[in-house]
Structure formats: structure tokens, C-alpha cells
>>> print(open('input-v1.cif').read())   # mmCIF, C-alpha atoms
data_protein
#
loop_
_atom_site.group_PDB
_atom_site.id
_atom_site.type_symbol
_atom_site.label_atom_id
_atom_site.label_comp_id
_atom_site.auth_asym_id
_atom_site.auth_seq_id
_atom_site.Cartn_x
_atom_site.Cartn_y
_atom_site.Cartn_z
ATOM 1 C CA MET L 1 147.259 53.172 -34.104
ATOM 2 C CA GLN L 2 148.515 52.921 -37.667
ATOM 3 C CA GLN L 3 152.080 54.081 -38.134
ATOM 4 C CA ILE L 4 153.109 56.676 -40.673
ATOM 5 C CA LYS L 5 154.874 55.103 -43.614
ATOM 6 C CA GLY L 6 157.866 56.740 -45.223
ATOM 7 C CA LEU L 7 159.460 56.246 -48.625
ATOM 8 C CA ILE L 8 163.173 55.449 -48.484
ATOM 9 C CA PHE L 9 165.645 54.249 -51.094
ATOM 10 C CA ASN L 10 168.487 52.822 -49.062
ATOM 11 C CA VAL L 11 169.750 51.914 -45.598
ATOM 12 C CA GLN L 12 173.523 51.956 -45.216
ATOM 13 C CA ARG L 13 175.081 50.428 -42.115
ATOM 14 C CA TYR L 14 178.573 51.125 -40.738
ATOM 15 C CA SER L 15 178.793 54.649 -42.164
ATOM 16 C CA ILE L 16 181.683 56.726 -40.770
ATOM 17 C CA HIS L 17 181.308 59.977 -42.738
ATOM 18 C CA ASP L 18 177.849 61.143 -41.697
ATOM 19 C CA GLY L 19 178.205 62.189 -38.097
ATOM 20 C CA PRO L 20 180.148 61.071 -35.024
ATOM 21 C CA GLY L 21 181.164 57.428 -34.711
ATOM 22 C CA ILE L 22 179.757 54.460 -36.609
ATOM 23 C CA ARG L 23 176.271 55.160 -37.921
ATOM 24 C CA THR L 24 173.325 53.740 -39.795
ATOM 25 C CA LEU L 25 172.357 56.043 -42.659
ATOM 26 C CA VAL L 26 168.738 56.099 -43.849
ATOM 27 C CA PHE L 27 168.072 57.714 -47.240
ATOM 28 C CA ILE L 28 164.691 59.464 -47.601
ATOM 29 C CA LYS L 29 163.323 59.488 -51.167
ATOM 30 C CA GLY L 30 162.105 62.808 -52.543
ATOM 31 C CA CYS L 31 163.866 66.161 -52.917
ATOM 32 C CA PRO L 32 162.718 69.643 -54.036
ATOM 33 C CA LEU L 33 166.212 70.470 -55.345
ATOM 34 C CA ARG L 34 167.729 69.342 -58.641
ATOM 35 C CA CYS L 35 171.441 69.946 -58.080
ATOM 36 C CA LEU L 36 173.335 69.493 -61.342
ATOM 37 C CA TRP L 37 175.979 67.359 -59.598
ATOM 38 C CA CYS L 38 173.588 65.216 -57.516
ATOM 39 C CA CYS L 39 175.165 61.799 -56.882
ATOM 40 C CA ASN L 40 171.904 60.237 -55.672
ATOM 41 C CA PRO L 41 169.439 60.977 -58.495
ATOM 42 C CA GLU L 42 167.407 57.946 -57.421
ATOM 43 C CA GLY L 43 166.527 59.974 -54.335
ATOM 44 C CA GLN L 44 164.970 62.899 -56.201
ATOM 45 C CA LEU L 45 161.479 61.641 -57.088
ATOM 46 C CA ALA L 46 159.050 60.799 -54.288
ATOM 47 C CA ARG L 47 157.949 57.516 -55.839
ATOM 48 C CA PRO L 48 159.479 54.078 -56.484
ATOM 49 C CA GLU L 49 161.490 53.732 -59.697
ATOM 50 C CA VAL L 50 163.106 50.930 -61.677
ATOM 51 C CA MET L 51 166.764 51.372 -62.574
ATOM 52 C CA TYR L 52 168.053 49.500 -65.618
ATOM 53 C CA PHE L 53 171.781 48.712 -65.720
ATOM 54 C CA ARG L 54 172.303 47.907 -69.397
ATOM 55 C CA ASN L 55 175.803 46.457 -68.952
ATOM 56 C CA TYR L 56 174.435 43.620 -66.812
ATOM 57 C CA CYS L 57 171.643 42.727 -69.238
ATOM 58 C CA THR L 58 172.007 39.540 -71.344
ATOM 59 C CA ARG L 59 168.783 40.131 -73.349
ATOM 60 C CA CYS L 60 167.212 36.971 -71.942
ATOM 61 C CA ARG L 61 163.705 38.406 -72.560
ATOM 62 C CA LYS L 62 162.345 37.415 -69.152
ATOM 63 C CA CYS L 63 161.528 41.027 -68.270
ATOM 64 C CA VAL L 64 159.836 41.523 -71.647
ATOM 65 C CA GLU L 65 157.609 38.517 -71.052
ATOM 66 C CA VAL L 66 156.392 39.509 -67.573
ATOM 67 C CA CYS L 67 156.050 43.309 -67.748
ATOM 68 C CA PRO L 68 152.303 43.974 -67.225
ATOM 69 C CA ALA L 69 152.530 47.542 -68.536
ATOM 70 C CA GLY L 70 154.302 46.715 -71.793
ATOM 71 C CA ALA L 71 157.106 49.086 -70.816
ATOM 72 C CA ILE L 72 159.862 46.677 -71.885
ATOM 73 C CA LYS L 73 160.280 45.550 -75.475
ATOM 74 C CA LEU L 74 162.897 43.757 -77.547
ATOM 75 C CA ARG L 75 163.742 45.781 -80.639
ATOM 76 C CA ASN L 76 166.435 44.766 -83.132
ATOM 77 C CA GLY L 77 167.949 42.458 -80.532
ATOM 78 C CA ASP L 78 168.152 45.201 -77.898
ATOM 79 C CA VAL L 79 166.001 45.782 -74.816
ATOM 80 C CA VAL L 80 164.070 49.048 -74.940
ATOM 81 C CA PHE L 81 162.707 50.371 -71.642
ATOM 82 C CA ASP L 82 159.947 53.018 -71.795
ATOM 83 C CA LYS L 83 160.018 54.790 -68.408
ATOM 84 C CA ASN L 84 156.783 56.604 -69.230
ATOM 85 C CA LEU L 85 154.861 53.316 -69.330
ATOM 86 C CA CYS L 86 156.580 51.771 -66.295
ATOM 87 C CA ASN L 87 154.446 51.656 -63.128
ATOM 88 C CA SER L 88 157.361 50.490 -60.940
ATOM 89 C CA CYS L 89 155.616 47.273 -59.923
ATOM 90 C CA GLY L 90 158.973 45.475 -59.688
ATOM 91 C CA THR L 91 157.906 42.384 -61.615
ATOM 92 C CA CYS L 92 160.846 42.690 -64.015
ATOM 93 C CA VAL L 93 163.244 43.018 -61.067
ATOM 94 C CA GLU L 94 162.028 39.757 -59.570
ATOM 95 C CA VAL L 95 162.678 37.699 -62.735
ATOM 96 C CA CYS L 96 165.969 39.277 -63.846
ATOM 97 C CA PRO L 97 168.756 36.681 -63.350
ATOM 98 C CA ASN L 98 171.587 39.220 -63.709
ATOM 99 C CA ASN L 99 170.578 42.070 -61.378
ATOM 100 C CA ALA L 100 170.260 44.339 -64.390
ATOM 101 C CA ARG L 101 167.124 45.840 -62.852
ATOM 102 C CA LYS L 102 166.713 47.337 -59.418
ATOM 103 C CA LEU L 103 163.625 48.758 -57.728
ATOM 104 C CA VAL L 104 164.543 51.859 -55.733
ATOM 105 C CA GLY L 105 162.020 53.160 -53.247
ATOM 106 C CA MET L 106 160.246 51.166 -50.562
ATOM 107 C CA TYR L 107 157.501 52.173 -48.142
ATOM 108 C CA VAL L 108 158.460 51.384 -44.564
ATOM 109 C CA THR L 109 157.270 52.120 -41.041
ATOM 110 C CA VAL L 110 159.414 53.635 -38.327
ATOM 111 C CA ASP L 111 159.543 50.239 -36.627
ATOM 112 C CA ASP L 112 160.863 48.685 -39.848
ATOM 113 C CA ILE L 113 163.765 51.134 -39.795
ATOM 114 C CA LEU L 114 164.433 50.796 -36.092
ATOM 115 C CA LYS L 115 164.779 47.027 -36.440
ATOM 116 C CA GLU L 116 167.806 47.679 -38.658
ATOM 117 C CA VAL L 117 169.155 50.515 -36.559
ATOM 118 C CA LEU L 118 168.986 48.560 -33.305
ATOM 119 C CA LYS L 119 171.163 45.777 -34.731
ATOM 120 C CA ASP L 120 174.215 47.988 -34.305
ATOM 121 C CA MET L 121 173.636 49.394 -30.819
ATOM 122 C CA LYS L 122 176.954 47.973 -29.612
ATOM 123 C CA PHE L 123 178.823 49.861 -32.336
ATOM 124 C CA TYR L 124 177.026 53.101 -31.450
ATOM 125 C CA ALA L 125 177.876 52.719 -27.772
ATOM 126 C CA ARG L 126 181.572 52.069 -28.442
ATOM 127 C CA SER L 127 182.067 54.741 -31.094
ATOM 128 C CA GLY L 128 179.577 57.429 -30.086
ATOM 129 C CA GLY L 129 177.612 56.766 -33.267
ATOM 130 C CA GLY L 130 173.942 56.444 -34.041
ATOM 131 C CA LEU L 131 171.311 57.129 -36.705
ATOM 132 C CA THR L 132 171.725 59.621 -39.549
ATOM 133 C CA VAL L 133 168.852 60.525 -41.871
ATOM 134 C CA GLY L 134 169.772 61.881 -45.303
ATOM 135 C CA GLY L 135 168.361 61.709 -48.787
ATOM 136 C CA GLY L 136 167.016 63.031 -51.022
ATOM 137 C CA GLU L 137 165.694 65.609 -48.581
ATOM 138 C CA PRO L 138 164.595 64.343 -45.152
ATOM 139 C CA PHE L 139 162.240 67.289 -44.589
ATOM 140 C CA SER L 140 160.289 66.310 -47.704
ATOM 141 C CA GLN L 141 158.715 63.692 -45.387
ATOM 142 C CA HIS L 142 158.832 65.697 -42.188
ATOM 143 C CA GLU L 143 156.149 63.733 -40.277
ATOM 144 C CA PHE L 144 157.910 60.426 -40.916
ATOM 145 C CA LEU L 145 161.263 62.068 -40.111
ATOM 146 C CA LYS L 146 159.982 63.470 -36.822
ATOM 147 C CA GLU L 147 158.507 60.149 -35.707
ATOM 148 C CA LEU L 148 161.645 58.238 -36.669
ATOM 149 C CA LEU L 149 163.903 60.594 -34.723
ATOM 150 C CA TRP L 150 161.539 60.682 -31.727
ATOM 151 C CA LYS L 151 161.434 56.904 -31.451
ATOM 152 C CA ALA L 152 165.215 56.664 -31.916
ATOM 153 C CA LYS L 153 165.661 58.982 -28.940
ATOM 154 C CA GLU L 154 163.457 56.655 -26.873
ATOM 155 C CA TYR L 155 166.270 54.111 -27.290
ATOM 156 C CA SER L 156 168.868 56.806 -26.436
ATOM 157 C CA ILE L 157 170.229 56.675 -29.990
ATOM 158 C CA HIS L 158 172.282 59.673 -31.121
ATOM 159 C CA THR L 159 170.564 61.284 -34.119
ATOM 160 C CA ALA L 160 171.836 63.334 -37.054
ATOM 161 C CA VAL L 161 170.156 64.865 -40.105
ATOM 162 C CA GLU L 162 171.693 65.819 -43.469
ATOM 163 C CA THR L 163 169.511 68.455 -45.112
ATOM 164 C CA SER L 164 169.363 71.429 -47.451
ATOM 165 C CA LEU L 165 166.886 73.051 -45.011
ATOM 166 C CA TYR L 166 164.773 73.947 -48.023
ATOM 167 C CA THR L 167 161.543 73.519 -46.104
ATOM 168 C CA SER L 168 158.853 75.536 -44.391
ATOM 169 C CA THR L 169 160.370 77.248 -41.355
ATOM 170 C CA ASN L 170 157.457 76.289 -39.111
ATOM 171 C CA LEU L 171 158.241 72.588 -39.626
ATOM 172 C CA ILE L 172 161.805 72.806 -38.367
ATOM 173 C CA SER L 173 161.476 73.170 -34.598
ATOM 174 C CA GLY L 174 159.267 70.074 -34.216
ATOM 175 C CA VAL L 175 161.902 67.936 -35.917
ATOM 176 C CA MET L 176 164.915 69.595 -34.283
ATOM 177 C CA LYS L 177 163.661 68.650 -30.809
ATOM 178 C CA HIS L 178 164.932 65.148 -31.590
ATOM 179 C CA VAL L 179 168.155 66.039 -33.479
ATOM 180 C CA ASP L 180 171.599 65.867 -31.867
ATOM 181 C CA TYR L 181 173.709 66.744 -34.904
ATOM 182 C CA LEU L 182 172.924 68.722 -38.049
ATOM 183 C CA PHE L 183 174.527 69.012 -41.490
ATOM 184 C CA VAL L 184 173.276 71.748 -43.841
ATOM 185 C CA ASP L 185 174.518 72.388 -47.388
ATOM 186 C CA ILE L 186 175.268 75.787 -48.876
ATOM 187 C CA LYS L 187 175.627 75.228 -52.624
ATOM 188 C CA HIS L 188 176.074 78.861 -53.724
ATOM 189 C CA ILE L 189 175.683 82.233 -52.044
ATOM 190 C CA ASP L 190 174.165 84.010 -55.062
ATOM 191 C CA PRO L 191 170.393 83.340 -55.236
ATOM 192 C CA VAL L 192 170.232 83.574 -59.036
ATOM 193 C CA LYS L 193 173.155 81.208 -59.572
ATOM 194 C CA HIS L 194 171.769 78.930 -56.863
ATOM 195 C CA MET L 195 168.532 78.779 -58.832
ATOM 196 C CA LYS L 196 170.398 77.789 -62.009
ATOM 197 C CA LEU L 197 172.416 75.112 -60.209
ATOM 198 C CA THR L 198 169.705 73.591 -58.022
ATOM 199 C CA GLY L 199 166.327 74.715 -59.357
ATOM 200 C CA VAL L 200 165.504 76.775 -56.239
ATOM 201 C CA SER L 201 166.610 80.036 -54.645
ATOM 202 C CA ASN L 202 168.819 79.916 -51.549
ATOM 203 C CA GLU L 203 166.864 82.584 -49.654
ATOM 204 C CA LEU L 204 164.776 80.102 -47.656
ATOM 205 C CA ILE L 205 167.843 77.955 -46.923
ATOM 206 C CA LEU L 206 169.909 80.837 -45.558
ATOM 207 C CA ASN L 207 166.975 82.148 -43.520
ATOM 208 C CA ASN L 208 166.424 78.709 -42.021
ATOM 209 C CA ILE L 209 170.094 78.394 -41.083
ATOM 210 C CA ARG L 210 169.797 81.663 -39.175
ATOM 211 C CA TYR L 211 166.550 80.478 -37.582
ATOM 212 C CA VAL L 212 168.068 77.223 -36.321
ATOM 213 C CA ILE L 213 170.988 79.088 -34.771
ATOM 214 C CA GLU L 214 169.141 82.091 -33.354
ATOM 215 C CA GLU L 215 166.434 79.920 -31.813
ATOM 216 C CA GLY L 216 169.083 77.730 -30.187
ATOM 217 C CA LEU L 217 167.775 74.576 -31.847
ATOM 218 C CA ILE L 218 171.309 73.174 -32.192
ATOM 219 C CA GLY L 219 174.597 74.020 -30.497
ATOM 220 C CA PRO L 220 177.801 75.168 -32.237
ATOM 221 C CA LYS L 221 179.595 71.869 -31.593
ATOM 222 C CA ASP L 222 176.820 69.916 -33.281
ATOM 223 C CA PHE L 223 176.261 71.984 -36.428
ATOM 224 C CA VAL L 224 178.249 71.604 -39.654
ATOM 225 C CA ILE L 225 177.810 73.522 -42.895
ATOM 226 C CA ARG L 226 178.803 71.538 -45.965
ATOM 227 C CA ILE L 227 179.982 73.130 -49.195
ATOM 228 C CA PRO L 228 180.190 70.960 -52.327
ATOM 229 C CA ILE L 229 183.213 72.056 -54.335
ATOM 230 C CA ILE L 230 182.401 71.907 -58.068
ATOM 231 C CA PRO L 231 185.387 73.242 -60.064
ATOM 232 C CA ASN L 232 184.515 76.121 -62.404
ATOM 233 C CA VAL L 233 180.962 76.115 -61.054
ATOM 234 C CA ASN L 234 181.029 77.310 -57.429
ATOM 235 C CA ASP L 235 184.692 77.307 -56.362
ATOM 236 C CA ASP L 236 185.500 80.876 -57.446
ATOM 237 C CA HIS L 237 186.786 83.301 -54.833
ATOM 238 C CA GLU L 238 183.718 85.549 -55.111
ATOM 239 C CA ASN L 239 181.345 82.757 -54.118
ATOM 240 C CA LEU L 240 183.616 81.348 -51.407
ATOM 241 C CA LYS L 241 184.091 84.810 -49.946
ATOM 242 C CA GLY L 242 180.328 85.389 -49.976
ATOM 243 C CA ILE L 243 179.727 82.108 -48.146
ATOM 244 C CA SER L 244 182.409 82.941 -45.583
ATOM 245 C CA GLU L 245 180.825 86.352 -44.970
ATOM 246 C CA PHE L 246 177.458 84.715 -44.373
ATOM 247 C CA ILE L 247 179.023 82.220 -41.963
ATOM 248 C CA SER L 248 180.860 84.953 -40.061
ATOM 249 C CA SER L 249 177.573 86.860 -39.664
ATOM 250 C CA LEU L 250 175.974 83.986 -37.749
ATOM 251 C CA LYS L 251 175.403 84.124 -33.999
ATOM 252 C CA TYR L 252 178.129 81.581 -33.320
ATOM 253 C CA GLU L 253 181.040 80.026 -35.209
ATOM 254 C CA VAL L 254 180.171 76.879 -37.145
ATOM 255 C CA SER L 255 182.419 74.237 -38.643
ATOM 256 C CA VAL L 256 182.594 73.770 -42.410
ATOM 257 C CA GLU L 257 183.100 70.532 -44.314
ATOM 258 C CA LEU L 258 184.063 70.587 -47.986
ATOM 259 C CA LEU L 259 182.686 67.913 -50.314
ATOM 260 C CA PRO L 260 184.871 67.488 -53.442
ATOM 261 C CA TYR L 261 182.950 66.842 -56.643
ATOM 262 C CA HIS L 262 182.990 63.267 -57.942
ATOM 263 C CA GLU L 263 181.238 61.279 -60.655
ATOM 264 C CA LEU L 264 180.359 58.158 -58.659
ATOM 265 C CA GLY L 265 176.663 58.684 -59.338
ATOM 266 C CA LYS L 266 177.013 59.328 -63.065
ATOM 267 C CA HIS L 267 176.041 55.778 -64.070
ATOM 268 C CA LYS L 268 172.841 56.094 -62.053
ATOM 269 C CA TYR L 269 171.461 58.713 -64.439
ATOM 270 C CA GLU L 270 171.803 56.322 -67.354
ATOM 271 C CA ALA L 271 170.149 53.571 -65.309
ATOM 272 C CA LEU L 272 167.243 55.938 -64.616
ATOM 273 C CA GLY L 273 166.982 56.918 -68.277
ATOM 274 C CA ARG L 274 168.109 60.494 -67.625
ATOM 275 C CA ASP L 275 170.894 62.656 -69.007
ATOM 276 C CA TYR L 276 173.725 63.548 -66.643
ATOM 277 C CA PRO L 277 173.193 67.308 -66.046
ATOM 278 C CA LEU L 278 176.884 68.279 -65.990
ATOM 279 C CA SER L 279 177.755 66.550 -69.282
ATOM 280 C CA SER L 280 177.377 69.830 -71.168
ATOM 281 C CA LEU L 281 179.846 71.608 -68.875
ATOM 282 C CA THR L 282 183.186 70.399 -70.198
ATOM 283 C CA SER L 283 185.094 72.695 -67.827
ATOM 284 C CA VAL L 284 183.999 70.694 -64.773
ATOM 285 C CA PHE L 285 186.585 68.266 -63.421
ATOM 286 C CA ILE L 286 187.186 66.114 -60.359
ATOM 287 C CA PRO L 287 189.325 68.319 -58.097
ATOM 288 C CA PRO L 288 192.760 66.867 -57.324
ATOM 289 C CA LYS L 289 194.214 67.161 -53.842
ATOM 290 C CA GLU L 290 196.172 70.293 -54.806
ATOM 291 C CA HIS L 291 192.988 72.044 -55.917
ATOM 292 C CA MET L 292 191.225 71.271 -52.649
ATOM 293 C CA ILE L 293 194.242 72.458 -50.646
ATOM 294 C CA LYS L 294 194.019 75.857 -52.377
ATOM 295 C CA VAL L 295 190.304 76.107 -51.596
ATOM 296 C CA ILE L 296 190.945 75.185 -47.957
ATOM 297 C CA GLU L 297 193.760 77.727 -47.674
ATOM 298 C CA PHE L 298 191.586 80.483 -49.128
ATOM 299 C CA LEU L 299 188.633 79.771 -46.842
ATOM 300 C CA THR L 300 190.920 79.429 -43.826
ATOM 301 C CA SER L 301 192.446 82.831 -44.629
ATOM 302 C CA LEU L 302 188.918 84.245 -44.396
ATOM 303 C CA GLY L 303 188.470 82.789 -40.911
ATOM 304 C CA VAL L 304 186.428 79.715 -41.864
ATOM 305 C CA ARG L 305 187.034 76.644 -39.689
ATOM 306 C CA ILE L 306 187.395 73.623 -41.981
ATOM 307 C CA VAL L 307 186.875 70.105 -40.607
ATOM 308 C CA ASN L 308 186.958 66.502 -41.920
ATOM 309 C CA THR L 309 188.217 67.276 -45.423
#
>>> encode(input="input-v1.cif", output="C-alpha cells")
Amino acid sequence: MQQIKGLIFNVQRYSIHDGPGIRTLVFIKGCPLRCLWCCNPEGQLARPEVMYFRNYCTRCRKCVEVCPAGAIKLRNGDVVFDKNLCNSCGTCVEVCPNNARKLVGMYVTVDDILKEVLKDMKFYARSGGGLTVGGGEPFSQHEFLKELLWKAKEYSIHTAVETSLYTSTNLISGVMKHVDYLFVDIKHIDPVKHMKLTGVSNELILNNIRYVIEEGLIGPKDFVIRIPIIPNVNDDHENLKGISEFISSLKYEVSVELLPYHELGKHKYEALGRDYPLSSLTSVFIPPKEHMIKVIEFLTSLGVRIVNT
């Protein structure tokens, strides 16, 4: 029987921030959201892409000579890369001597992934770790996700999923049968502002959070809500209070992890030939420790249980 193939863009071993213990993190490629602060823009499109890191390029012309689509040209001594013509064949990546080009997105089977995951079984056993699937959005490839988690459980591997839960509700239970630990993001409590910040409403996300809890698909000790803290975007008291009220209305108490905004993925947008979405918002800044302490204190005063911040 032919295995389902999934599209991923990275496998990260020895992760310690994506669930209990030491974990292997698999990044699914494809996401229905377009968060303005996304630090993994290479995970948004559900197709392979070529990233071009201009600072590493020595203008050796090798990529120009081999590109079958004519997407790379030398103009006035500079390399010009037309993303619209690129078919992501990876030929330019293979000949580049300076790693200025990188192909992101590879089609793999579940067995391909498990070969990597099984290499670290000793670390999982000692630390209580396992496999975490993130993205992108894992549910964008729900059949591949379900098969990967199911086969991981056959090896008694602890499983975790990092998701927005922006997916059809009827797809969730089939996947959650094989999930031990769940992270779900709440970006903003206001549906209109959520739409402006991510490209989608939060109504489906909030409904799915309630569904997961009310159907008993995950226990309170194994469910974490993550809130990205973007200064002057979603860290105002009105939004934080609204999120806390939603959390307090749930069937059981959940833990909350805060994710401070950073710009580590900013260079990736340039490499993908895209503008960084937050560049126009000059009021946004990387929150210092003092800023995060104030946010934690405010949420704690509202009865929110903060963890791992």
C-alpha cells in the first residue's frame, strides 16, 4: 500500500521548548493564516520554494547558467531572481558554492520521518520527550498528520501538536486520538482585529478549543494555550482581559505560555522575496524583560496560570 506523502520544511532534533523533555520537531509546510509577525514564512505556502540569501552570493553566475526556467539573470553585475518564473526545481541550489540558495519544502513519507525520530529514542526515554509536529499548520495536511502520529504511537512515542486549530471541526477528533500534548495559539480575542492580524477570523479557533475540551479529547495537564505578545499590537489590557475571560469560561483550567515577539525570522522574508509585514508598524518593538513581567503580572491578577515564560 502506497504511503501518504507530506510536505515538510524542516526537522529539528533536540528541541526543548515544544513539549515535555527532549523532542524532535517536524515542521509541516502550508498554513491558512498570515500572521503579520510570523517567524516561519517559509512554512506558509504548501509548495516547495527557493530562498535566496543575497549576503552569501558572490555573483559567480553558476545559478544563472543552469536555471531551466530563466528565473535567474545577471543584470548590471547583480543577480536578479524572478520568483514568478521559478518552478522550485532546486537546480540552482545544487550548483551554488556558497549556500546562498536553499530549497525549502520536501515531500516525505511517514516512514522517512520516523527514521529520524527513532534515532533519539534514548533521549525521549530519559527525558520524557518525543515527537512534536508544528508548522506552518499541521492540520493543513491532516491525513499525513494523523498517520504520522498513529505510527509514532505504535513505537510508544509521546506526541505533541502545535496548532492554530483553524481547521474543520470534524477533522479534529481523528487526529487527537493519537495526541498526548496540545499547544493552541490565541492571537487576539477580537474577531475583526484577528482578521486584520492573521487574515482569518478567530471564531472557528475559539469554537474548536471549546470542542477539544468539552469532548475530553485532551486533559488539562496536557493542554497549553499560547499567546504571542506583540507590543502595541495585541498586548493591551482590553485584549488580554478578553483572552483571560475566554480561558476562565472553559470547562477546566488550562495553562498559558507567553511568546515574546522577536525578529529572528525577518531575514527569511527577504530571502523569499517578500516584504516583512510589520515593517510599516514603527511602534512595534521587541519586548524587554520588564515589559513581559508587566504582562505576566496583569494576566496573573486575572487568574491566568502562566507557565514556561
>>> closest_residue(input="input-v1.cif", among="L:Thr300, L:Pro32, L:Met121, L:Pro48", to="L:Ser201", atoms="only C-alpha atoms")
L:Pro32
>>> residues_around(input="input-v1.cif", residues="L:Leu278", least_positions_apart="6", cutoff="12 Å", atoms="all atoms listed in the file", output="ChimeraX atom specification")
/L:34-39,197-198,230-233,261-263,265-266,269,284-286
>>> resolve_selection(input="input-v1.cif", expression="the PyMOL selection byres ((chain L and resi 165-181) around 8)", output="list in words")
Gly19, Pro32, Phe139, Ser140, His142, Leu145, Lys146, Leu149, Trp150, Lys153, His158, Thr159, Ala160, Val161, Thr163, Ser164, Leu182, Phe183, Val184, Leu204, Ile205, Asn208, Ile209, Tyr211, Val212, Leu217, Ile218, Asp222 and Phe223 of chain L
>>> resolve_selection(input="input-v1.cif", expression="the PyMOL selection byres ((chain L and resi 293-296) around 12)", output="JSON, numbers by chain")
{"L": [227, 228, 229, 230, 231, 234, 235, 236, 237, 239, 240, 241, 244, 256, 257, 258, 259, 260, 287, 288, 289, 290, 291, 292, 297, 298, 299, 300, 301, 302, 303, 304, 305, 306, 307, 308, 309]}
>>> residues_around(input="input-v1.cif", residues="stretch 69-83 of chain L", least_positions_apart="3", cutoff="10 Å", atoms="only C-alpha atoms", output="PyMOL selection string")
chain L and resi 49-52+54+57-66+86-89+92+272-274
>>> axis_aligned_box(input="input-v1.cif", around="stretch 263-273 of chain L", padding_each_side="8 Å", output="AutoDock Vina command-line options")
--center_x 174.1 --center_y 57.4 --center_z -63.5 --size_x 30.3 --size_y 23.7 --size_z 25.6
>>> resolve_selection(input="input-v1.cif", expression="the PyMOL selection byres ((chain L and resi 109-112) around 8)", output="list in words")
Gln3, Ile4, Lys5, Gly6, Tyr107, Val108, Ile113, Leu114, Lys115, Glu116, Phe144, Glu147, Leu148 and Lys151 of chain L
>>> closest_residue(input="input-v1.cif", among="L:Asn55, L:Ser248, L:Ser156, L:Ser255", to="L:Gly219", atoms="only C-alpha atoms")
L:Ser255
>>> closest_residue(input="input-v1.cif", among="L:Gly90, L:Pro138, L:Gly105, L:Gly199", to="L:Ile8", atoms="all atoms listed in the file")
L:Gly105
>>> closest_residue(input="input-v1.cif", among="L:Ala46, L:Asn40, L:Val133, L:Val224", to="L:Leu264", atoms="only C-alpha atoms")
L:Asn40
>>> closest_residue(input="input-v1.cif", among="L:Ala100, L:Ile225, L:Leu7, L:Cys67", to="L:Ala271", atoms="all atoms listed in the file")
L:Ala100
>>> atom_distance(input="input-v1.cif", atom1="atom CA of L:Gly242", atom2="atom CA of L:Asp190")
8.1 Å
>>> decode(input="input-v1.cif", residues="stretch 134-183 of chain L", atoms="C-alpha atoms", output="PDB file, in the first residue's frame")
ATOM      1  CA  GLY L 134       4.327  22.105  14.168  1.00  0.00           C
ATOM      2  CA  GLY L 135       4.441  24.300  11.115  1.00  0.00           C
ATOM      3  CA  GLY L 136       3.059  26.061   9.232  1.00  0.00           C
ATOM      4  CA  GLU L 137      -0.211  24.461  10.280  1.00  0.00           C
ATOM      5  CA  PRO L 138      -0.175  20.697  10.907  1.00  0.00           C
ATOM      6  CA  PHE L 139      -3.911  20.339  10.232  1.00  0.00           C
ATOM      7  CA  SER L 140      -3.393  21.696   6.716  1.00  0.00           C
ATOM      8  CA  GLN L 141      -2.193  18.132   5.967  1.00  0.00           C
ATOM      9  CA  HIS L 142      -4.446  16.310   8.390  1.00  0.00           C
ATOM     10  CA  GLU L 143      -4.247  12.852   6.742  1.00  0.00           C
ATOM     11  CA  PHE L 144      -0.447  12.883   6.804  1.00  0.00           C
ATOM     12  CA  LEU L 145      -0.526  14.273  10.360  1.00  0.00           C
ATOM     13  CA  LYS L 146      -2.891  11.552  11.554  1.00  0.00           C
ATOM     14  CA  GLU L 147      -0.824   8.753  10.023  1.00  0.00           C
ATOM     15  CA  LEU L 148       2.422  10.164  11.403  1.00  0.00           C
ATOM     16  CA  LEU L 149       1.030  10.417  14.930  1.00  0.00           C
ATOM     17  CA  TRP L 150      -0.615   6.979  14.727  1.00  0.00           C
ATOM     18  CA  LYS L 151       2.610   5.283  13.681  1.00  0.00           C
ATOM     19  CA  ALA L 152       4.590   7.190  16.329  1.00  0.00           C
ATOM     20  CA  LYS L 153       2.247   5.809  18.980  1.00  0.00           C
ATOM     21  CA  GLU L 154       2.953   2.291  17.687  1.00  0.00           C
ATOM     22  CA  TYR L 155       6.515   2.877  18.922  1.00  0.00           C
ATOM     23  CA  SER L 156       5.165   4.300  22.222  1.00  0.00           C
ATOM     24  CA  ILE L 157       6.495   7.754  21.320  1.00  0.00           C
ATOM     25  CA  HIS L 158       4.973  10.690  23.202  1.00  0.00           C
ATOM     26  CA  THR L 159       3.300  13.027  20.696  1.00  0.00           C
ATOM     27  CA  ALA L 160       2.569  16.756  20.704  1.00  0.00           C
ATOM     28  CA  VAL L 161       0.993  19.123  18.176  1.00  0.00           C
ATOM     29  CA  GLU L 162       1.415  22.903  17.836  1.00  0.00           C
ATOM     30  CA  THR L 163      -1.595  24.315  16.004  1.00  0.00           C
ATOM     31  CA  SER L 164      -3.874  27.295  15.493  1.00  0.00           C
ATOM     32  CA  LEU L 165      -6.821  24.843  15.351  1.00  0.00           C
ATOM     33  CA  TYR L 166      -8.040  26.754  12.317  1.00  0.00           C
ATOM     34  CA  THR L 167      -9.436  23.635  10.696  1.00  0.00           C
ATOM     35  CA  SER L 168     -12.701  21.838  10.108  1.00  0.00           C
ATOM     36  CA  THR L 169     -14.043  20.637  13.455  1.00  0.00           C
ATOM     37  CA  ASN L 170     -14.886  17.186  12.103  1.00  0.00           C
ATOM     38  CA  LEU L 171     -11.197  16.549  11.349  1.00  0.00           C
ATOM     39  CA  ILE L 172     -10.010  17.119  14.898  1.00  0.00           C
ATOM     40  CA  SER L 173     -11.119  14.019  16.796  1.00  0.00           C
ATOM     41  CA  GLY L 174      -9.453  11.594  14.356  1.00  0.00           C
ATOM     42  CA  VAL L 175      -6.108  13.312  14.871  1.00  0.00           C
ATOM     43  CA  MET L 176      -6.496  13.882  18.616  1.00  0.00           C
ATOM     44  CA  LYS L 177      -6.818  10.135  19.242  1.00  0.00           C
ATOM     45  CA  HIS L 178      -3.042  10.000  18.784  1.00  0.00           C
ATOM     46  CA  VAL L 179      -2.061  13.264  20.552  1.00  0.00           C
ATOM     47  CA  ASP L 180      -0.645  13.346  24.084  1.00  0.00           C
ATOM     48  CA  TYR L 181       0.046  17.075  24.350  1.00  0.00           C
ATOM     49  CA  LEU L 182      -1.506  20.069  22.605  1.00  0.00           C
ATOM     50  CA  PHE L 183      -0.458  23.690  22.079  1.00  0.00           C
TER      51      PHE L 183
END
